[in-house]
file my_file_12.txt (compact mmCIF, C-alpha atoms and all ligand atoms)
# COMPACT_ATOMS: atom_id res chain seq x y z
CA MET A 1 31.40 40.64 -8.77
CA ASP A 2 32.63 40.75 -12.37
CA LYS A 3 31.82 43.60 -14.69
CA PRO A 4 30.21 42.87 -18.05
CA GLY A 5 32.78 41.81 -20.57
CA PRO A 6 32.85 38.13 -21.34
CA VAL A 7 30.71 37.49 -24.36
CA GLY A 8 28.45 34.62 -25.25
CA VAL A 9 25.97 33.56 -27.87
CA TYR A 10 22.41 33.37 -26.69
CA LEU A 11 19.45 31.58 -28.28
CA ASP A 12 16.19 32.53 -26.63
CA GLY A 13 14.53 29.19 -27.39
CA VAL A 14 11.74 30.82 -29.38
CA THR A 15 13.43 32.27 -32.45
CA SER A 16 16.50 30.96 -34.24
CA THR A 17 18.41 34.24 -33.96
CA LYS A 18 21.84 33.91 -32.42
CA ARG A 19 22.30 36.93 -30.20
CA GLN A 20 25.68 38.25 -29.16
CA VAL A 21 25.42 38.95 -25.47
CA GLU A 22 27.57 40.03 -22.60
CA LEU A 23 27.61 38.02 -19.43
CA ARG A 24 27.87 39.06 -15.82
CA ALA A 25 28.30 36.89 -12.80
CA GLY A 26 26.01 38.52 -10.25
CA LEU A 27 23.58 36.95 -7.82
CA ALA A 28 22.49 35.10 -10.91
CA LEU A 29 24.10 34.72 -14.32
CA GLU A 30 23.00 37.86 -16.09
CA ILE A 31 22.65 37.84 -19.86
CA ILE A 32 22.99 41.32 -21.28
CA GLU A 33 22.21 42.61 -24.74
CA ASN A 34 22.99 46.20 -25.69
CA GLY A 35 23.26 47.11 -22.04
CA ASP A 36 19.92 45.56 -21.03
CA VAL A 37 19.68 42.49 -18.86
CA ILE A 38 17.48 40.22 -21.00
CA ALA A 39 17.65 37.13 -18.82
CA LYS A 40 18.81 36.09 -15.38
CA TRP A 41 19.63 32.47 -14.82
CA PRO A 42 19.78 31.45 -11.15
CA TRP A 43 23.07 29.69 -10.50
CA ASP A 44 21.45 26.54 -9.24
CA SER A 45 19.31 26.27 -12.38
CA ILE A 46 22.27 26.18 -14.75
CA ARG A 47 23.37 22.96 -16.36
CA LYS A 48 25.67 21.96 -19.12
CA ALA A 49 23.87 21.28 -22.40
CA ASP A 50 25.01 18.73 -24.93
CA GLY A 51 27.24 19.42 -27.89
CA ALA A 52 29.28 22.47 -28.90
CA GLY A 53 32.77 20.91 -28.85
CA LYS A 54 35.21 22.86 -26.70
CA ASP A 55 32.81 25.70 -25.87
CA LEU A 56 30.64 25.52 -22.81
CA ARG A 57 26.95 25.29 -23.68
CA LEU A 58 24.44 25.99 -20.98
CA LEU A 59 20.78 25.67 -20.33
CA SER A 60 18.70 26.73 -17.38
CA ASP A 61 15.95 24.68 -15.78
CA GLU A 62 13.97 27.90 -15.68
CA ALA A 63 14.53 29.01 -19.27
CA GLY A 64 12.94 26.32 -21.39
CA LEU A 65 14.71 25.79 -24.70
CA ALA A 66 17.02 28.78 -24.35
CA ARG A 67 20.73 28.04 -24.76
CA LEU A 68 23.87 29.99 -23.99
CA THR A 69 27.29 29.29 -25.45
CA VAL A 70 30.34 30.56 -23.58
CA SER A 71 33.65 30.42 -25.44
CA ASP A 72 35.81 32.33 -22.96
CA PRO A 73 37.52 29.58 -20.91
CA GLU A 74 38.14 31.87 -17.95
CA PHE A 75 34.49 32.84 -17.65
CA ALA A 76 33.52 29.22 -18.17
CA ARG A 77 35.58 28.44 -15.04
CA THR A 78 33.78 31.24 -13.18
CA ILE A 79 30.46 29.70 -14.11
CA ALA A 80 31.69 26.29 -13.06
CA SER A 81 32.58 27.66 -9.64
CA TYR A 82 29.17 29.34 -9.13
CA ALA A 83 26.78 26.81 -10.66
CA PRO A 84 26.49 23.85 -8.32
CA LYS A 85 24.56 21.65 -10.69
CA LEU A 86 26.52 22.40 -13.84
CA PHE A 87 27.55 18.81 -14.35
CA ALA A 88 24.67 17.20 -12.54
CA GLY A 89 23.04 16.02 -15.74
CA ALA A 90 20.28 17.67 -17.66
CA ARG A 91 17.31 18.77 -15.61
CA GLU A 92 17.55 15.87 -13.18
CA ARG A 93 15.19 17.43 -10.70
CA THR A 94 12.25 18.00 -12.96
CA SER A 95 12.46 15.49 -15.69
CA THR A 96 14.75 12.56 -15.14
CA LEU A 97 11.70 10.38 -15.29
CA ARG A 98 10.56 11.96 -18.50
CA ILE A 99 13.94 11.44 -20.11
CA VAL A 100 13.97 7.84 -18.99
CA VAL A 101 10.51 7.39 -20.47
CA TRP A 102 11.73 9.03 -23.64
CA SER A 103 14.79 6.86 -23.91
CA ILE A 104 12.72 3.78 -23.43
CA ALA A 105 10.21 5.07 -25.92
CA ALA A 106 12.93 5.75 -28.46
CA ALA A 107 14.37 2.27 -27.98
CA VAL A 108 10.94 0.68 -28.12
CA SER A 109 10.12 2.63 -31.25
CA LEU A 110 13.31 1.52 -32.98
CA LEU A 111 12.41 -2.04 -32.09
CA PHE A 112 8.88 -1.58 -33.40
CA VAL A 113 10.07 0.10 -36.56
CA GLY A 114 12.41 -2.82 -37.12
CA LEU A 115 9.72 -5.38 -36.49
CA TYR A 116 6.67 -3.83 -38.04
CA GLY A 117 7.59 -0.75 -40.07
CA VAL A 118 7.01 2.91 -39.35
CA PRO A 119 3.21 3.36 -39.33
CA TYR A 120 2.67 0.61 -36.82
CA ALA A 121 5.46 1.89 -34.59
CA ALA A 122 3.95 5.39 -34.61
CA ASP A 123 0.62 3.88 -33.65
CA ARG A 124 2.14 2.06 -30.71
CA LEU A 125 4.35 4.87 -29.57
CA ALA A 126 1.93 7.80 -29.62
CA PRO A 127 -0.33 6.58 -26.80
CA ILE A 128 2.53 5.97 -24.35
CA LEU A 129 4.06 9.44 -24.70
CA PRO A 130 2.92 11.98 -22.10
CA LEU A 131 0.34 14.53 -23.25
CA SER A 132 2.82 17.27 -22.41
CA VAL A 133 4.73 16.23 -25.54
CA ASP A 134 1.75 17.16 -27.69
CA SER A 135 1.22 20.51 -26.05
CA LYS A 136 4.90 21.41 -26.23
CA ILE A 137 4.99 20.70 -29.96
CA GLY A 138 1.65 22.46 -30.35
CA VAL A 139 3.09 25.65 -28.92
CA MET A 140 6.11 25.43 -31.23
CA VAL A 141 4.19 24.91 -34.46
CA ASP A 142 1.37 27.28 -33.57
CA ASN A 143 3.37 30.41 -34.40
CA GLN A 144 4.51 28.88 -37.64
CA VAL A 145 0.95 28.03 -38.65
CA LYS A 146 -0.21 31.54 -37.87
CA THR A 147 2.66 33.01 -39.88
CA ILE A 148 1.67 30.94 -42.90
CA PHE A 149 -2.05 31.62 -42.68
CA GLY A 150 -2.12 35.18 -41.48
CA ASN A 151 -1.59 35.90 -37.85
CA LYS A 152 -5.17 36.86 -37.24
CA THR A 153 -8.01 35.04 -35.58
CA CYS A 154 -11.56 36.15 -36.25
CA ASP A 155 -13.24 37.46 -33.14
CA ASP A 156 -16.50 39.20 -33.83
CA PRO A 157 -18.08 38.82 -30.36
CA ALA A 158 -21.42 37.33 -31.47
CA GLY A 159 -19.69 35.06 -33.97
CA LYS A 160 -17.22 33.90 -31.39
CA GLN A 161 -20.01 33.15 -28.96
CA ALA A 162 -21.74 31.00 -31.57
CA TYR A 163 -18.49 29.25 -32.42
CA ASP A 164 -17.62 28.54 -28.80
CA HIS A 165 -21.17 27.33 -28.22
CA LEU A 166 -20.87 24.88 -31.09
CA VAL A 167 -17.47 23.63 -29.96
CA SER A 168 -18.53 23.17 -26.36
CA ARG A 169 -21.66 21.26 -27.38
CA LEU A 170 -19.50 18.92 -29.42
CA VAL A 171 -16.95 18.48 -26.66
CA ALA A 172 -19.75 17.73 -24.20
CA ALA A 173 -20.91 14.96 -26.52
CA THR A 174 -17.52 13.22 -26.34
CA ASP A 175 -15.19 11.95 -23.65
CA MET A 176 -12.28 14.12 -24.72
CA LYS A 177 -9.57 14.64 -22.16
CA VAL A 178 -7.35 17.04 -24.07
CA PRO A 179 -8.12 20.67 -23.23
CA LEU A 180 -9.13 22.47 -26.37
CA GLN A 181 -8.28 25.82 -27.91
CA ALA A 182 -10.41 26.43 -30.97
CA ALA A 183 -10.43 29.50 -33.18
CA VAL A 184 -11.18 30.71 -36.71
CA LEU A 185 -8.22 31.94 -38.76
CA ASN A 186 -8.74 34.73 -41.26
CA SER A 187 -7.40 32.80 -44.23
CA SER A 188 -9.08 32.04 -47.53
CA VAL A 189 -7.88 28.44 -47.45
CA LYS A 190 -10.68 25.88 -47.28
CA ASN A 191 -9.39 23.83 -44.45
CA ALA A 192 -9.59 22.95 -40.81
CA ILE A 193 -6.64 21.62 -38.84
CA ALA A 194 -5.88 20.04 -35.52
CA LEU A 195 -2.42 20.73 -34.10
CA PRO A 196 -0.86 18.62 -31.38
CA GLY A 197 -2.02 19.59 -27.92
CA GLY A 198 -5.63 20.49 -28.67
CA ARG A 199 -5.36 23.53 -30.94
CA VAL A 200 -8.07 23.35 -33.56
CA TYR A 201 -8.31 25.92 -36.32
CA PHE A 202 -11.15 26.43 -38.71
CA PHE A 203 -10.23 28.56 -41.71
CA ARG A 204 -12.47 31.32 -42.93
CA GLY A 205 -12.39 29.88 -46.46
CA LEU A 206 -14.12 26.73 -45.29
CA LEU A 207 -16.57 28.61 -43.10
CA ASP A 208 -17.50 30.80 -46.07
CA VAL A 209 -18.55 27.84 -48.22
CA ALA A 210 -20.37 26.02 -45.41
CA LYS A 211 -24.14 26.06 -45.84
CA SER A 212 -25.34 24.83 -42.46
CA PRO A 213 -24.26 24.48 -38.83
CA ASP A 214 -24.11 20.70 -39.34
CA GLU A 215 -21.48 21.06 -42.05
CA VAL A 216 -19.27 23.09 -39.73
CA ALA A 217 -20.04 20.93 -36.71
CA GLY A 218 -19.25 17.73 -38.61
CA VAL A 219 -15.84 18.98 -39.73
CA MET A 220 -15.16 20.29 -36.24
CA ALA A 221 -16.15 16.94 -34.70
CA HIS A 222 -13.86 15.18 -37.15
CA GLU A 223 -10.96 17.43 -36.09
CA LEU A 224 -11.80 16.76 -32.46
CA GLY A 225 -11.47 13.09 -33.35
CA HIS A 226 -7.93 13.73 -34.58
CA VAL A 227 -7.18 15.61 -31.35
CA HIS A 228 -8.67 12.83 -29.21
CA HIS A 229 -6.59 10.17 -30.94
CA ARG A 230 -3.47 12.34 -31.06
CA ASP A 231 -3.22 11.81 -34.79
CA SER A 232 -0.98 14.86 -35.36
CA LEU A 233 1.61 13.33 -33.07
CA ARG A 234 1.31 10.07 -35.00
CA LYS A 235 1.77 11.96 -38.23
CA LEU A 236 4.98 13.53 -36.92
CA LEU A 237 6.24 10.19 -35.67
CA GLN A 238 5.55 8.66 -39.05
CA ALA A 239 7.25 11.47 -40.94
CA GLY A 240 10.27 12.04 -38.76
CA GLY A 241 10.49 9.18 -36.31
CA SER A 242 11.01 9.38 -32.59
CA SER A 243 14.55 10.72 -32.91
CA PHE A 244 13.10 13.73 -34.71
CA LEU A 245 10.60 14.24 -31.91
CA LEU A 246 13.34 13.88 -29.32
CA GLY A 247 15.41 16.45 -31.17
CA LEU A 248 12.44 18.76 -31.35
CA LEU A 249 11.85 18.57 -27.64
CA PHE A 250 15.27 18.25 -26.07
CA GLY A 251 17.83 18.87 -28.74
CA ASP A 252 19.43 21.90 -30.16
CA VAL A 253 16.37 23.03 -32.05
CA THR A 254 15.38 26.59 -31.49
CA GLY A 255 12.78 27.82 -33.87
CA ALA A 256 13.99 27.12 -37.33
CA GLY A 257 14.42 23.89 -39.25
CA ALA A 258 12.71 21.18 -37.30
CA VAL A 259 9.71 23.30 -36.36
CA ILE A 260 9.18 24.31 -39.98
CA PHE A 261 9.49 20.70 -41.05
CA ALA A 262 7.01 19.68 -38.35
CA THR A 263 4.54 22.36 -39.39
CA ARG A 264 4.73 21.48 -43.07
CA THR A 265 4.30 17.83 -42.20
CA LEU A 266 1.18 18.58 -40.20
CA LEU A 267 -0.29 20.74 -42.95
CA ASP A 268 0.69 18.85 -46.10
CA ARG A 269 0.84 15.24 -45.20
CA ALA A 270 -2.40 13.28 -45.30
CA TYR A 271 -3.57 11.32 -42.32
CA THR A 272 -3.59 7.58 -42.79
CA ARG A 273 -6.83 5.92 -43.91
CA LYS A 274 -7.07 4.38 -40.50
CA ALA A 275 -6.82 7.76 -38.77
CA GLU A 276 -9.44 9.21 -41.12
CA HIS A 277 -11.76 6.29 -40.48
CA ARG A 278 -11.37 6.69 -36.75
CA ALA A 279 -11.90 10.47 -36.84
CA ASP A 280 -15.02 9.93 -38.94
CA GLY A 281 -16.27 7.42 -36.39
CA PHE A 282 -15.65 9.96 -33.65
CA ALA A 283 -17.52 12.64 -35.59
CA ILE A 284 -20.43 10.35 -36.42
CA GLU A 285 -20.76 9.33 -32.78
CA ALA A 286 -20.50 12.89 -31.40
CA MET A 287 -23.03 14.21 -33.91
CA LYS A 288 -25.36 11.29 -33.23
CA ARG A 289 -25.34 12.03 -29.50
CA LEU A 290 -26.51 15.53 -30.40
CA GLY A 291 -29.19 14.05 -32.64
CA ARG A 292 -27.43 15.18 -35.80
CA SER A 293 -25.97 13.52 -38.86
CA ALA A 294 -22.39 13.66 -40.11
CA VAL A 295 -23.58 13.50 -43.73
CA PRO A 296 -23.50 17.30 -44.23
CA MET A 297 -19.80 17.25 -43.39
CA GLY A 298 -19.27 14.71 -46.16
CA GLU A 299 -21.34 16.81 -48.52
CA LEU A 300 -19.28 19.88 -47.74
CA LEU A 301 -16.09 18.00 -48.57
CA VAL A 302 -17.55 16.56 -51.75
CA ARG A 303 -18.57 20.06 -52.78
CA ILE A 304 -14.98 21.26 -52.39
CA THR A 305 -13.65 18.28 -54.35
CA GLY A 306 -15.65 19.46 -57.31
CA LYS A 307 -13.40 22.44 -57.77
CA GLN A 308 -10.29 21.60 -59.74
CA GLY A 309 -6.91 22.74 -58.61
CA GLU A 310 -7.86 23.36 -55.02
CA LYS A 311 -6.77 20.05 -53.71
CA SER A 312 -3.38 21.16 -52.45
CA SER A 313 -4.75 24.01 -50.43
CA SER A 314 -7.94 22.46 -49.19
CA ILE A 315 -9.05 20.16 -46.45
CA LEU A 316 -8.81 17.28 -48.90
CA ALA A 317 -5.03 17.39 -48.98
CA SER A 318 -4.80 16.43 -45.34
CA HIS A 319 -8.07 14.54 -45.06
CA PRO A 320 -8.53 12.67 -48.35
CA PHE A 321 -12.20 12.08 -48.85
CA SER A 322 -13.79 9.16 -50.58
CA GLU A 323 -17.28 7.96 -51.48
CA ASP A 324 -17.15 5.13 -48.97
CA ARG A 325 -16.64 7.64 -46.18
CA LEU A 326 -19.82 9.43 -47.25
CA GLU A 327 -21.67 6.11 -47.50
CA ARG A 328 -20.70 5.27 -43.95
CA MET A 329 -21.99 8.63 -42.70
CA LYS A 330 -25.29 8.00 -44.44
CA ARG A 331 -25.55 4.50 -42.99
CA GLU A 332 -24.89 5.68 -39.45
CA ALA A 333 -27.01 8.84 -39.43
CA PRO A 334 -29.62 9.03 -36.64
CA GLN A 335 -33.11 7.97 -37.67
CA THR A 336 -34.91 10.84 -35.99
CA PRO A 337 -32.93 14.06 -35.97
CA GLY A 338 -32.78 16.31 -32.90
CA PRO A 339 -32.96 20.12 -32.89
CA GLU A 340 -30.48 22.24 -34.87
CA LEU A 341 -27.20 22.90 -33.09
CA LEU A 342 -27.41 26.65 -33.65
CA THR A 343 -30.37 29.00 -33.94
CA PRO A 344 -30.63 30.90 -37.26
CA ALA A 345 -29.32 34.00 -35.47
CA GLN A 346 -26.33 32.12 -34.07
CA TRP A 347 -25.62 30.67 -37.49
CA GLN A 348 -25.64 34.12 -39.07
CA ALA A 349 -23.34 35.36 -36.32
CA LEU A 350 -20.97 32.46 -36.92
CA LYS A 351 -20.88 33.13 -40.64
CA GLY A 352 -19.93 36.71 -39.81
CA ILE A 353 -17.23 35.89 -37.26
CA CYS A 354 -14.54 37.36 -39.55
CA ARG A 355 -16.48 40.48 -40.42
CA ASN A 356 -14.07 42.78 -38.59
CA ALA A 357 -10.94 40.92 -39.53
CA GLY A 358 -10.30 42.54 -42.89
CA PRO A 359 -9.84 40.63 -46.13
CA PRO A 360 -8.74 37.03 -45.63
CA LYS A 361 -5.10 36.24 -46.19
CA PRO A 362 -4.64 34.33 -49.45
CA LEU A 363 -2.34 31.35 -49.51
CA ARG A 364 1.17 32.37 -50.40
CA ARG A 365 2.18 29.11 -51.99
CA LYS A 366 0.51 28.74 -55.33
CA GLU A 367 0.42 25.06 -56.11
CA GLY A 368 -2.51 24.02 -58.15
CA SER A 369 -3.10 27.42 -59.64
CA GLY A 370 -1.44 28.79 -62.72
CA LYS A 371 -1.26 25.39 -64.33
CA PRO A 372 -3.46 24.61 -67.32
ZN ZN B 401 -9.17 14.01 -41.05

call {"tool": "encode", "arguments": {"input": "my_file_12.txt", "output": "structure tokens"}}
result
Amino acid sequence: MDKPGPVGVYLDGVTSTKRQVELRAGLALEIIENGDVIAKWPWDSIRKADGAGKDLRLLSDEAGLARLTVSDPEFARTIASYAPKLFAGARERTSTLRIVVWSIAAAVSLLFVGLYGVPYAADRLAPILPLSVDSKIGVMVDNQVKTIFGNKTCDDPAGKQAYDHLVSRLVAATDMKVPLQAAVLNSSVKNAIALPGGRVYFFRGLLDVAKSPDEVAGVMAHELGHVHHRDSLRKLLQAGGSSFLLGLLFGDVTGAGAVIFATRTLLDRAYTRKAEHRADGFAIEAMKRLGRSAVPMGELLVRITGKQGEKSSSILASHPFSEDRLERMKREAPQTPGPELLTPAQWQALKGICRNAGPPKPLRRKEGSGKP
């Protein structure tokens, strides 16, 4: 068939780099960069993507968010003659239903926003979206989070064992349905975060100041509460609305802008009081089932509050803490405590989980410091 020659612009769906590629119509559409075939799109997987004016923009059912723009009209005609489903509508085979659900959701959300305002709409919308939405966004923002906080998880074997043990005990004490990926990031920030789709990160900075397994477990249980209630998704819906989410998932967003916005939103924006209250309730309940109290978690957070200037980079920025939250934890603590969640040896191992990870990455952004 044709020799390489016609050029296109290729976005791999992961980074935002526009790559100049050559195209070849072989048994599949071959995408070639510097002489190497970097992708092969089966003809029957190729569909026309939205936008791009007079150029032909393509996606493949088998290539996720990747996009290919073809400006050579002659080669566009070649593609049209080989790709049977070019104009068959986006991904009809795999996700017509999903798109219908999305369209309805978007319409419903607009209606709800009109009737009740944004927070309520986000609350109503989040539960009816498929869980795959959370995990898809989770994958996108995960890289961004790791870039910001140092792309290194702590994995001292004994420490990791203790950490996993703690997490699995907590999960067993709940009725969580979202599969979890939990790790410790080697960052000096005093925080813990839950990303959409069940990624939970504990930061070394918070682990370093924790004085007992219950302090760590309480914070972890609280984050699990956010995962269980899909609060990160709510946060994104509140910040950007459903059209933003739609753009993130189906639109022309590869890497850059929207993902960065989403990540910053997840990190900087506080959860609503309602979400905090609910995550606390989840933590209190999970800890209680293990015979433990959530009070140490509150004490850990209060201890961090004491330090001036750390608010913007600490757990308090995204989980504002207040006295009444601590009071509630005290009120609902179990009368007779059960055994410790970790043995002293496991606790020591957990504290040392970052021992081989090198010095923790400091936060690049410097808000809160350098001011009198
Ligand atoms: Zn929280």

call {"tool": "residues_near_point", "arguments": {"input": "my_file_12.txt", "point": "(23.5, 23.3, -21.1)", "cutoff": "8 Å", "atoms": "all atoms listed in the file", "output": "tab-separated table (two decimals) with C-alpha atoms, in the coordinates of the input"}}
result
chain	number	residue	atom	x	y	z
A	46	ILE	CA	22.27	26.18	-14.75
A	47	ARG	CA	23.37	22.96	-16.36
A	48	LYS	CA	25.67	21.96	-19.12
A	49	ALA	CA	23.87	21.28	-22.40
A	50	ASP	CA	25.01	18.73	-24.93
A	56	LEU	CA	30.64	25.52	-22.81
A	57	ARG	CA	26.95	25.29	-23.68
A	58	LEU	CA	24.44	25.99	-20.98
A	59	LEU	CA	20.78	25.67	-20.33
A	60	SER	CA	18.70	26.73	-17.38
A	67	ARG	CA	20.73	28.04	-24.76
A	68	LEU	CA	23.87	29.99	-23.99
A	86	LEU	CA	26.52	22.40	-13.84
A	90	ALA	CA	20.28	17.67	-17.66

call {"tool": "residues_near_ligand", "arguments": {"input": "my_file_12.txt", "ligand": "ligand ZN 401 (chain B)", "cutoff": "8 Å", "atoms": "only C-alpha atoms and all ligand atoms", "output": "JSON list (two decimals) with C-alpha atoms, in the frame of the given file"}}
result
[["chain", "number", "residue", "atom", "x", "y", "z"],
["A", 222, "HIS", "CA", -13.86, 15.18, -37.15],
["A", 223, "GLU", "CA", -10.96, 17.43, -36.09],
["A", 226, "HIS", "CA", -7.93, 13.73, -34.58],
["A", 271, "TYR", "CA", -3.57, 11.32, -42.32],
["A", 275, "ALA", "CA", -6.82, 7.76, -38.77],
["A", 276, "GLU", "CA", -9.44, 9.21, -41.12],
["A", 279, "ALA", "CA", -11.90, 10.47, -36.84],
["A", 280, "ASP", "CA", -15.02, 9.93, -38.94],
["A", 318, "SER", "CA", -4.80, 16.43, -45.34],
["A", 319, "HIS", "CA", -8.07, 14.54, -45.06],
["A", 320, "PRO", "CA", -8.53, 12.67, -48.35]]

call {"tool": "atom_distance", "arguments": {"input": "my_file_12.txt", "atom1": "atom CA of Asp134 of chain A", "atom2": "atom CA of Leu233 of chain A"}}
result
6.6 Å

call {"tool": "closest_residue", "arguments": {"input": "my_file_12.txt", "among": "A:Ser212, A:Ser135, A:Asn356, A:Gln144", "to": "Ser232 of chain A", "atoms": "only C-alpha atoms"}}
result
A:Ser135

call {"tool": "residues_around", "arguments": {"input": "my_file_12.txt", "residues": "Gly159 of chain A", "least_positions_apart": "5", "cutoff": "10 Å", "atoms": "all atoms listed in the file", "output": "MDAnalysis selection string"}}
result
chainID A and resid 154 164:165 184 345:355

call {"tool": "atom_distance", "arguments": {"input": "my_file_12.txt", "atom1": "atom CA of Lys85 of chain A", "atom2": "atom CA of Val37 of chain A"}}
result
22.9 Å

call {"tool": "closest_residue", "arguments": {"input": "my_file_12.txt", "among": "A:Lys40, A:Glu340, A:Lys235, A:Asp123", "to": "Leu27 of chain A", "atoms": "all atoms listed in the file"}}
result
A:Lys40

call {"tool": "atom_distance", "arguments": {"input": "my_file_12.txt", "atom1": "atom CA of Ala83 of chain A", "atom2": "atom CA of Asp36 of chain A"}}
result
22.5 Å

call {"tool": "residues_around", "arguments": {"input": "my_file_12.txt", "residues": "Met297 of chain A", "least_positions_apart": "2", "cutoff": "6 Å", "atoms": "all atoms listed in the file", "output": "list in words"}}
result
Glu215, Gly218, Val219, Ala294, Val295, Glu299 and Leu300 of chain A
